[in-house]
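Source file: model_15.cif; contents: mmCIF, C-alpha atoms.
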```
data_my_file
#
loop_
_atom_site.label_atom_id
_atom_site.label_comp_id
_atom_site.auth_asym_id
_atom_site.auth_seq_id
_atom_site.Cartn_x
_atom_site.Cartn_y
_atom_site.Cartn_z
CA MET A 28 -40.79 65.41 -81.79
CA LEU A 29 -41.57 68.89 -83.12
CA THR A 30 -41.28 69.83 -86.78
CA ILE A 31 -42.11 73.50 -86.22
CA ARG A 32 -39.59 75.83 -84.59
CA PHE A 33 -41.72 77.59 -82.01
CA ASP A 34 -39.30 80.50 -81.67
CA ARG A 35 -40.36 81.54 -85.20
CA LEU A 36 -44.08 81.71 -84.35
CA ASN A 37 -44.09 84.82 -82.16
CA LEU A 38 -46.45 82.88 -79.90
CA LYS A 39 -47.32 84.61 -76.63
CA PRO A 40 -49.16 83.38 -73.52
CA GLY A 41 -52.88 83.81 -74.05
CA ASP A 42 -52.69 83.68 -77.87
CA LEU A 43 -55.32 81.57 -79.60
CA PHE A 44 -53.56 78.72 -81.41
CA LEU A 45 -55.00 76.30 -83.99
CA ASP A 46 -53.33 72.97 -84.71
CA ALA A 47 -55.06 72.05 -88.00
CA GLY A 48 -54.67 68.34 -88.66
CA THR A 49 -53.41 67.73 -85.17
CA GLY A 50 -52.76 63.99 -85.50
CA PHE A 51 -51.80 62.95 -81.99
CA GLY A 52 -51.35 66.55 -80.88
CA ARG A 53 -47.61 67.12 -80.58
CA HIS A 54 -47.68 70.78 -81.67
CA ALA A 55 -50.92 71.44 -79.80
CA PHE A 56 -49.39 70.15 -76.56
CA GLU A 57 -46.27 72.29 -76.98
CA ALA A 58 -48.35 75.41 -77.64
CA ALA A 59 -50.39 74.70 -74.50
CA ARG A 60 -47.20 74.26 -72.46
CA ARG A 61 -46.15 77.71 -73.65
CA GLY A 62 -49.37 79.25 -72.35
CA ALA A 63 -51.37 79.52 -75.56
CA ARG A 64 -55.10 78.82 -75.68
CA VAL A 65 -55.22 75.79 -77.96
CA VAL A 66 -57.80 74.45 -80.39
CA ALA A 67 -56.89 71.16 -82.08
CA LEU A 68 -58.69 70.02 -85.25
CA ASP A 69 -58.51 66.78 -87.18
CA TYR A 70 -60.64 64.96 -89.75
CA ALA A 71 -60.01 61.54 -88.20
CA GLU A 72 -62.14 60.57 -85.22
CA GLN A 73 -59.36 58.44 -83.69
CA GLU A 74 -56.94 61.38 -83.54
CA VAL A 75 -59.61 63.67 -82.07
CA THR A 76 -60.39 61.15 -79.32
CA SER A 77 -56.72 60.50 -78.55
CA THR A 78 -55.78 64.18 -78.40
CA ARG A 79 -58.75 65.02 -76.18
CA ALA A 80 -57.79 62.23 -73.77
CA THR A 81 -54.16 63.35 -73.64
CA PHE A 82 -55.13 66.96 -72.91
CA ALA A 83 -57.39 65.75 -70.09
CA ALA A 84 -54.59 63.61 -68.64
CA MET A 85 -52.11 66.50 -68.80
CA TYR A 86 -54.60 68.76 -67.01
CA GLU A 87 -55.23 66.13 -64.31
CA ALA A 88 -51.47 65.74 -63.84
CA GLY A 89 -51.07 69.49 -63.37
CA GLU A 90 -49.02 69.88 -66.55
CA LEU A 91 -51.49 72.32 -68.13
CA LYS A 92 -53.73 75.09 -66.89
CA GLY A 93 -57.44 74.75 -67.53
CA ASP A 94 -57.57 77.72 -69.90
CA SER A 95 -54.84 76.26 -72.13
CA PHE A 96 -57.23 73.75 -73.63
CA ASN A 97 -60.05 75.30 -75.65
CA GLY A 98 -61.14 72.07 -77.30
CA VAL A 99 -60.53 69.34 -79.86
CA VAL A 100 -62.76 69.54 -82.93
CA ARG A 101 -63.45 67.06 -85.70
CA GLY A 102 -63.60 69.02 -88.95
CA ASP A 103 -62.57 69.52 -92.56
CA ALA A 104 -59.63 71.82 -93.27
CA THR A 105 -61.30 73.00 -96.49
CA ARG A 106 -64.36 74.19 -94.51
CA LEU A 107 -63.15 75.32 -91.11
CA PRO A 108 -65.89 75.86 -88.50
CA PHE A 109 -64.43 79.14 -87.24
CA ASN A 110 -65.09 82.85 -87.78
CA ASP A 111 -62.81 85.10 -89.83
CA SER A 112 -59.65 86.37 -88.10
CA THR A 113 -60.04 84.09 -85.07
CA PHE A 114 -56.53 82.73 -84.45
CA ASP A 115 -53.22 84.39 -83.59
CA CYS A 116 -51.25 81.41 -84.87
CA ILE A 117 -52.01 78.35 -87.00
CA VAL A 118 -49.86 75.25 -87.48
CA THR A 119 -50.67 72.59 -90.07
CA SER A 120 -48.08 69.84 -90.11
CA GLU A 121 -47.93 67.00 -92.68
CA VAL A 122 -51.56 67.63 -93.68
CA LEU A 123 -51.73 69.39 -97.05
CA GLU A 124 -50.22 66.46 -98.93
CA HIS A 125 -53.32 64.43 -98.01
CA ILE A 126 -55.85 67.02 -99.25
CA HIS A 127 -56.93 67.03 -102.91
CA ASP A 128 -58.11 70.66 -102.75
CA ASP A 129 -55.12 72.05 -100.88
CA THR A 130 -55.77 75.56 -102.25
CA SER A 131 -59.12 75.70 -100.44
CA ALA A 132 -57.50 74.52 -97.22
CA ILE A 133 -54.78 77.19 -97.40
CA ASN A 134 -57.41 79.85 -98.14
CA GLU A 135 -59.34 78.71 -95.09
CA PHE A 136 -56.24 78.98 -92.90
CA VAL A 137 -55.74 82.53 -94.14
CA ARG A 138 -59.40 83.39 -93.56
CA VAL A 139 -59.39 82.35 -89.88
CA LEU A 140 -55.93 83.81 -89.17
CA ARG A 141 -55.98 87.30 -87.69
CA PRO A 142 -54.08 90.13 -89.42
CA GLY A 143 -50.51 90.02 -88.15
CA GLY A 144 -50.84 86.35 -87.24
CA THR A 145 -48.47 83.54 -88.24
CA LEU A 146 -49.05 80.37 -90.24
CA ALA A 147 -46.54 77.51 -90.14
CA ALA A 148 -47.12 74.76 -92.71
CA THR A 149 -45.07 71.59 -93.19
CA VAL A 150 -45.18 68.98 -95.95
CA PRO A 151 -42.89 66.09 -96.92
CA ALA A 152 -39.82 67.46 -98.68
CA TRP A 153 -39.58 66.72 -102.41
CA PHE A 154 -36.45 64.54 -102.66
CA PRO A 155 -37.13 62.11 -99.79
CA GLU A 156 -40.77 61.88 -100.84
CA LYS A 157 -39.88 61.02 -104.46
CA ILE A 158 -37.87 58.08 -103.18
CA ASN A 159 -40.75 56.90 -100.99
CA TRP A 160 -43.16 56.98 -103.95
CA ALA A 161 -40.67 55.15 -106.17
CA LEU A 162 -40.10 52.41 -103.60
CA SER A 163 -43.73 51.62 -102.75
CA ASP A 164 -47.18 52.12 -104.24
CA GLU A 165 -48.64 51.28 -100.82
CA TYR A 166 -47.28 54.57 -99.49
CA HIS A 167 -49.38 56.98 -101.57
CA ALA A 168 -52.75 57.58 -103.25
CA PRO A 169 -54.54 56.26 -105.21
CA PHE A 170 -53.12 52.91 -104.12
CA VAL A 171 -53.86 53.47 -100.42
CA GLN A 172 -56.83 55.30 -98.89
CA GLY A 173 -55.76 58.48 -97.13
CA GLY A 174 -52.30 58.38 -98.68
CA HIS A 175 -50.35 61.31 -100.01
CA VAL A 176 -51.92 62.79 -103.15
CA ARG A 177 -49.02 64.97 -104.32
CA ILE A 178 -45.32 65.63 -103.92
CA TYR A 179 -44.56 69.29 -103.23
CA ARG A 180 -41.63 71.24 -104.45
CA GLY A 181 -40.80 74.01 -102.02
CA ALA A 182 -41.58 76.68 -104.61
CA GLU A 183 -45.08 75.26 -105.12
CA LEU A 184 -45.99 75.44 -101.43
CA ARG A 185 -44.53 78.93 -101.06
CA SER A 186 -46.42 80.11 -104.15
CA LYS A 187 -49.76 78.73 -102.95
CA ILE A 188 -49.34 80.36 -99.56
CA ALA A 189 -48.34 83.70 -101.12
CA ARG A 190 -51.25 83.61 -103.59
CA ALA A 191 -53.63 83.13 -100.66
CA GLY A 192 -52.45 86.47 -99.31
CA LEU A 193 -49.68 85.73 -96.82
CA THR A 194 -46.10 86.98 -96.74
CA VAL A 195 -43.61 84.11 -96.67
CA ASP A 196 -41.01 84.87 -94.00
CA ALA A 197 -38.77 81.80 -93.72
CA THR A 198 -38.33 78.15 -94.66
CA HIS A 199 -36.24 75.19 -93.54
CA LYS A 200 -36.12 71.40 -93.65
CA ALA A 201 -36.40 69.12 -90.61
CA HIS A 202 -35.83 65.52 -89.49
CA GLY A 203 -32.79 64.48 -91.50
CA LEU A 204 -32.55 61.21 -89.55
CA HIS A 205 -36.11 60.25 -90.39
CA SER A 206 -35.91 59.98 -94.18
CA PRO A 207 -33.81 56.77 -94.17
CA TYR A 208 -36.37 55.21 -91.82
CA TRP A 209 -39.18 55.86 -94.32
CA TRP A 210 -37.05 54.68 -97.25
CA LEU A 211 -36.48 51.46 -95.35
CA ARG A 212 -40.18 51.05 -94.56
CA CYS A 213 -41.16 51.66 -98.16
CA ALA A 214 -38.53 49.20 -99.38
CA VAL A 215 -39.89 46.35 -97.24
CA GLY A 216 -43.55 47.49 -97.35
CA PRO A 217 -44.99 50.47 -95.40
CA GLN A 218 -47.12 48.19 -93.21
CA ARG A 219 -44.15 45.98 -92.21
CA GLU A 220 -43.29 47.67 -88.91
CA ASP A 221 -42.43 44.22 -87.56
CA HIS A 222 -39.52 43.89 -90.02
CA LYS A 223 -36.31 43.55 -87.98
CA ALA A 224 -34.43 46.40 -89.65
CA VAL A 225 -37.46 48.71 -89.45
CA ALA A 226 -38.00 47.88 -85.78
CA MET A 227 -34.34 48.54 -84.97
CA TYR A 228 -34.33 51.91 -86.75
CA LYS A 229 -37.59 52.87 -85.01
CA LYS A 230 -36.08 52.02 -81.64
CA PHE A 231 -33.06 54.18 -82.50
CA LEU A 232 -35.32 57.14 -83.40
CA GLU A 233 -37.33 56.75 -80.20
CA TRP A 234 -34.11 56.69 -78.19
CA ASP A 235 -32.88 59.77 -80.03
CA ILE A 236 -36.12 61.69 -79.39
CA ILE A 237 -36.08 60.90 -75.68
CA SER A 238 -32.34 61.21 -75.03
CA ALA A 239 -31.41 63.90 -77.59
CA PRO A 240 -27.65 63.21 -77.41
CA THR A 241 -25.37 65.89 -78.80
CA ILE A 242 -23.93 63.67 -81.54
CA THR A 243 -27.29 62.75 -83.11
CA ARG A 244 -28.59 66.32 -82.78
CA ALA A 245 -25.52 67.48 -84.69
CA LEU A 246 -25.98 64.73 -87.30
CA ASP A 247 -29.66 65.57 -87.77
CA LYS A 248 -28.80 69.26 -88.15
CA ALA A 249 -26.21 68.43 -90.82
CA LEU A 250 -28.50 66.05 -92.73
CA SER A 251 -31.72 68.08 -92.59
CA PRO A 252 -30.86 70.64 -95.30
CA VAL A 253 -30.06 67.77 -97.68
CA ILE A 254 -32.46 64.90 -96.86
CA GLY A 255 -34.77 66.40 -94.24
CA LYS A 256 -38.10 64.54 -94.24
CA SER A 257 -40.16 67.73 -93.82
CA TYR A 258 -40.20 71.12 -95.54
CA VAL A 259 -41.45 73.98 -93.36
CA VAL A 260 -42.81 77.40 -94.38
CA TYR A 261 -43.52 80.30 -92.01
CA ALA A 262 -45.76 83.12 -93.24
CA THR A 263 -47.53 86.20 -91.86
CA LYS A 264 -50.92 87.68 -92.65
CA PRO A 265 -50.57 91.39 -93.53
CA ILE A 266 -52.05 93.78 -90.99
CA ASN A 267 -54.33 95.38 -93.57
CA GLN A 268 -55.79 92.05 -94.76
CA LEU A 269 -59.06 91.22 -93.07
CA VAL A 270 -59.94 87.86 -94.63
CA GLY A 271 -58.29 85.34 -96.93
CA THR A 272 -59.16 84.94 -100.59
CA LYS A 273 -61.59 82.08 -101.17
CA SER A 274 -61.33 79.81 -104.20
#
```
Would you give me this structure, written as structure tokens?
Amino acid sequence: MLTIRFDRLNLKPGDLFLDAGTGFGRHAFEAARRGARVVALDYAEQEVTSTRATFAAMYEAGELKGDSFNGVVRGDATRLPFNDSTFDCIVTSEVLEHIHDDTSAINEFVRVLRPGGTLAATVPAWFPEKINWALSDEYHAPFVQGGHVRIYRGAELRSKIARAGLTVDATHKAHGLHSPYWWLRCAVGPQREDHKAVAMYKKFLEWDIISAPTITRALDKALSPVIGKSYVVYATKPINQLVGTKS
């Protein structure tokens, strides 16, 4: 399930692509399938190990070329272990809401992005996220370790990206069918995945992702602008900008 619309990234075969906060690697795998040279980074050791294993399995199965996978790195988004102007494209999906110093992370993304390159950043959209926080303290910090530390308004994320030196090109919301699932989980307790209603909704979402029937695709498209779970910003680094501004 992709949150980013890859047709907005101007991603070409051979481009160097960073998935910052890769999780289980969904955007990294898609970039590799499209011929990019992929680096995946995450702070959590479990995600790094899982993504590395999946890349290896895809290579063994002949789904990826050897040069598509440049590595999986454990690292901190506020102190990226890369040189200035390294990447043609950077995606950071559902990451910034976990980082206390999100300004430093955004500045780091700008620093390692080449002039003319594209950044796509996603965070939980304001309205669905407000409901999640209201329904459960177990969903967010400081009540749970590693939980969300802020709720973004779209204008806040756009402003932080622009202040770091990028030109904001486009925005949209995604995953309209997913917000009710998280409201339900927060209502019964975020850890209660065994709850009957939660399990049924999860099974529905898994079926929808795999089958992608026309009716649910149309419903998700209609709901996303209103209750989409994720807010997405696409931005470009000006050609004449060599490095990002550091905080």
Sorted by chain and rising residue number, which residues of range 184-241 of chain A lie within 10 Å of range 259-266 of chain A, and what are their closest atom pairs and distances in Å to one decimal, counting all atoms listed in the file, as CSV?
```
residue,atom,partner,partner_atom,distance
A:Leu184,CA,A:Val260,CA,8.0
A:Arg185,CA,A:Val260,CA,7.1
A:Ile188,CA,A:Ala262,CA,7.8
A:Ala189,CA,A:Ala262,CA,8.3
A:Ala191,CA,A:Lys264,CA,9.6
A:Gly192,CA,A:Lys264,CA,6.9
A:Leu193,CA,A:Lys264,CA,4.8
A:Thr194,CA,A:Thr263,CA,5.1
A:Val195,CA,A:Ala262,CA,4.2
A:Asp196,CA,A:Ala262,CA,5.1
A:Ala197,CA,A:Tyr261,CA,5.3
A:Thr198,CA,A:Val260,CA,4.6
A:His199,CA,A:Val259,CA,5.4
A:Lys200,CA,A:Val259,CA,5.9
A:Ala201,CA,A:Val259,CA,7.5
```
> For the atom pair CA of Val75 in chain A and CA of Val99 in chain A, what is the interatomic distance in Å to one decimal place?
Replying inline: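 Between CA of Val75 in chain A and CA of Val99 in chain A the gap works out to 6.2 Å.
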> Written as number ranges by chain, what is the full residue list that the PyMOL selection byres ((chain A and resi 28-36) around 8) yields on the file shown?
Replying inline: A: 37-38, 53-54, 116, 120, 145-147, 149, 201-202, 236, 257, 259, 261
> Which distance in Å separates CA of Gly48 in chain A and CA of Met227 in chain A, to one decimal?
Replying inline: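 Interatomic distance, CA of Gly48 in chain A to CA of Met227 in chain A: 28.6 Å.
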> Any idea what's packed within 8 Å of range 212-217 of chain A, counting only C-alpha atoms, ignoring anything in its chain fewer than 6 positions away? Could you give it as a list in words?
Replying inline: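 Within the cut-off, the hits are Asn159, Leu162, Ser163, Glu165, Tyr166 and Val225 of chain A.
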Atoms kept (C-alpha atoms) for selection, written as a short mmCIF file (atom, residue, chain, number, x, y, z; two decimals), in the frame of the given file:
```cif
data_model
loop_
_atom_site.label_atom_id
_atom_site.label_comp_id
_atom_site.auth_asym_id
_atom_site.auth_seq_id
_atom_site.Cartn_x
_atom_site.Cartn_y
_atom_site.Cartn_z
CA ASN A 159 -40.75 56.90 -100.99
CA LEU A 162 -40.10 52.41 -103.60
CA SER A 163 -43.73 51.62 -102.75
CA GLU A 165 -48.64 51.28 -100.82
CA TYR A 166 -47.28 54.57 -99.49
CA VAL A 225 -37.46 48.71 -89.45
#
```
What's around Ile126 in chain A at 12 Å? Count only C-alpha atoms, leave out sequence neighbours fewer than 2 positions away in its own chain, and write the answer as an mmCIF file with C-alpha atoms, keeping the file's coordinate frame.
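Output (selection.cif):
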```cif
data_model
loop_
_atom_site.group_PDB
_atom_site.id
_atom_site.type_symbol
_atom_site.label_atom_id
_atom_site.label_comp_id
_atom_site.auth_asym_id
_atom_site.auth_seq_id
_atom_site.Cartn_x
_atom_site.Cartn_y
_atom_site.Cartn_z
ATOM 1 C CA GLY A 48 -54.670 68.340 -88.660
ATOM 2 C CA TYR A 70 -60.640 64.960 -89.750
ATOM 3 C CA ASP A 103 -62.570 69.520 -92.560
ATOM 4 C CA ALA A 104 -59.630 71.820 -93.270
ATOM 5 C CA THR A 105 -61.300 73.000 -96.490
ATOM 6 C CA THR A 119 -50.670 72.590 -90.070
ATOM 7 C CA GLU A 121 -47.930 67.000 -92.680
ATOM 8 C CA VAL A 122 -51.560 67.630 -93.680
ATOM 9 C CA LEU A 123 -51.730 69.390 -97.050
ATOM 10 C CA GLU A 124 -50.220 66.460 -98.930
ATOM 11 C CA ASP A 128 -58.110 70.660 -102.750
ATOM 12 C CA ASP A 129 -55.120 72.050 -100.880
ATOM 13 C CA THR A 130 -55.770 75.560 -102.250
ATOM 14 C CA SER A 131 -59.120 75.700 -100.440
ATOM 15 C CA ALA A 132 -57.500 74.520 -97.220
ATOM 16 C CA ILE A 133 -54.780 77.190 -97.400
ATOM 17 C CA VAL A 150 -45.180 68.980 -95.950
ATOM 18 C CA ALA A 168 -52.750 57.580 -103.250
ATOM 19 C CA GLN A 172 -56.830 55.300 -98.890
ATOM 20 C CA GLY A 173 -55.760 58.480 -97.130
ATOM 21 C CA GLY A 174 -52.300 58.380 -98.680
ATOM 22 C CA HIS A 175 -50.350 61.310 -100.010
ATOM 23 C CA VAL A 176 -51.920 62.790 -103.150
ATOM 24 C CA ARG A 177 -49.020 64.970 -104.320
ATOM 25 C CA ILE A 178 -45.320 65.630 -103.920
#
```
>> When you look at range 41-44 of chain A with a cut-off of 9 Å (counting all atoms listed in the file), what residues show up, excluding the ones that are within fewer than 5 positions of it in the same chain? I need them as a list in words.
In response: Ala55, Ala58, Ala59, Gly62, Ala63, Arg64, Val65, Val66, Ala67, Asp94, Ser95, Asn97, Thr113, Phe114, Asp115, Cys116, Ile117 and Val118 of chain A
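With distances restricted to all atoms listed in the file, A:Arg138 is the closest residue to Pro108 in chain A from A:Lys223, A:Ile254, A:Arg138, A:Tyr228.
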> In terms of the shortest atom-to-atom distance over only C-alpha atoms, which of A:Gly98, A:Phe51, A:Ala182, A:Gly203 is closest to Arg244 in chain A?
Replying inline: A:Gly203
> Counting all atoms listed in the file, what is within 7 Å of Tyr179 in chain A, bar same-chain residues fewer than 3 positions away, as a ChimeraX atom specification?
Replying inline: /A:152-153,183-184
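Among the candidates A:Leu68, A:Ala161, A:Leu246, A:Ala239, the one nearest to Gly52 in chain A when counting all atoms listed in the file is A:Leu68.
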>> Please report the interatomic distance between CA of Ser186 in chain A and CA of Lys248 in chain A in Å with one decimal.
In response: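 It comes out at 26.2 Å.
Here the question is which of A:Ser77, A:Leu45, A:Phe56, A:Gly102 gets nearest to Phe136 in chain A using all atoms listed in the file, and that residue is A:Leu45.
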Produce the centre coordinates and the three edge lengths, each in Å to one decimal, of the box along x, y and z that contains all listed atoms of range 232-250 of chain A with 3 Å added on each side, as JSON.
```
{"center_x": -30.6, "center_y": 63.0, "center_z": -83.9, "size_x": 19.4, "size_y": 18.6, "size_z": 23.7}
```
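Distances from A:Asp164, A:Ser238, A:Phe170, A:Lys256 to Pro207 in chain A were compared using all atoms listed in the file, and the smallest one belongs to A:Lys256.
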> With all atoms listed in the file as the atoms that count, which of A:His167, A:Leu232, A:Lys187, A:Asn134 lies nearest to Tyr208 in chain A?
Replying inline: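 Selected residue with least distance to Tyr208 in chain A: A:Leu232.
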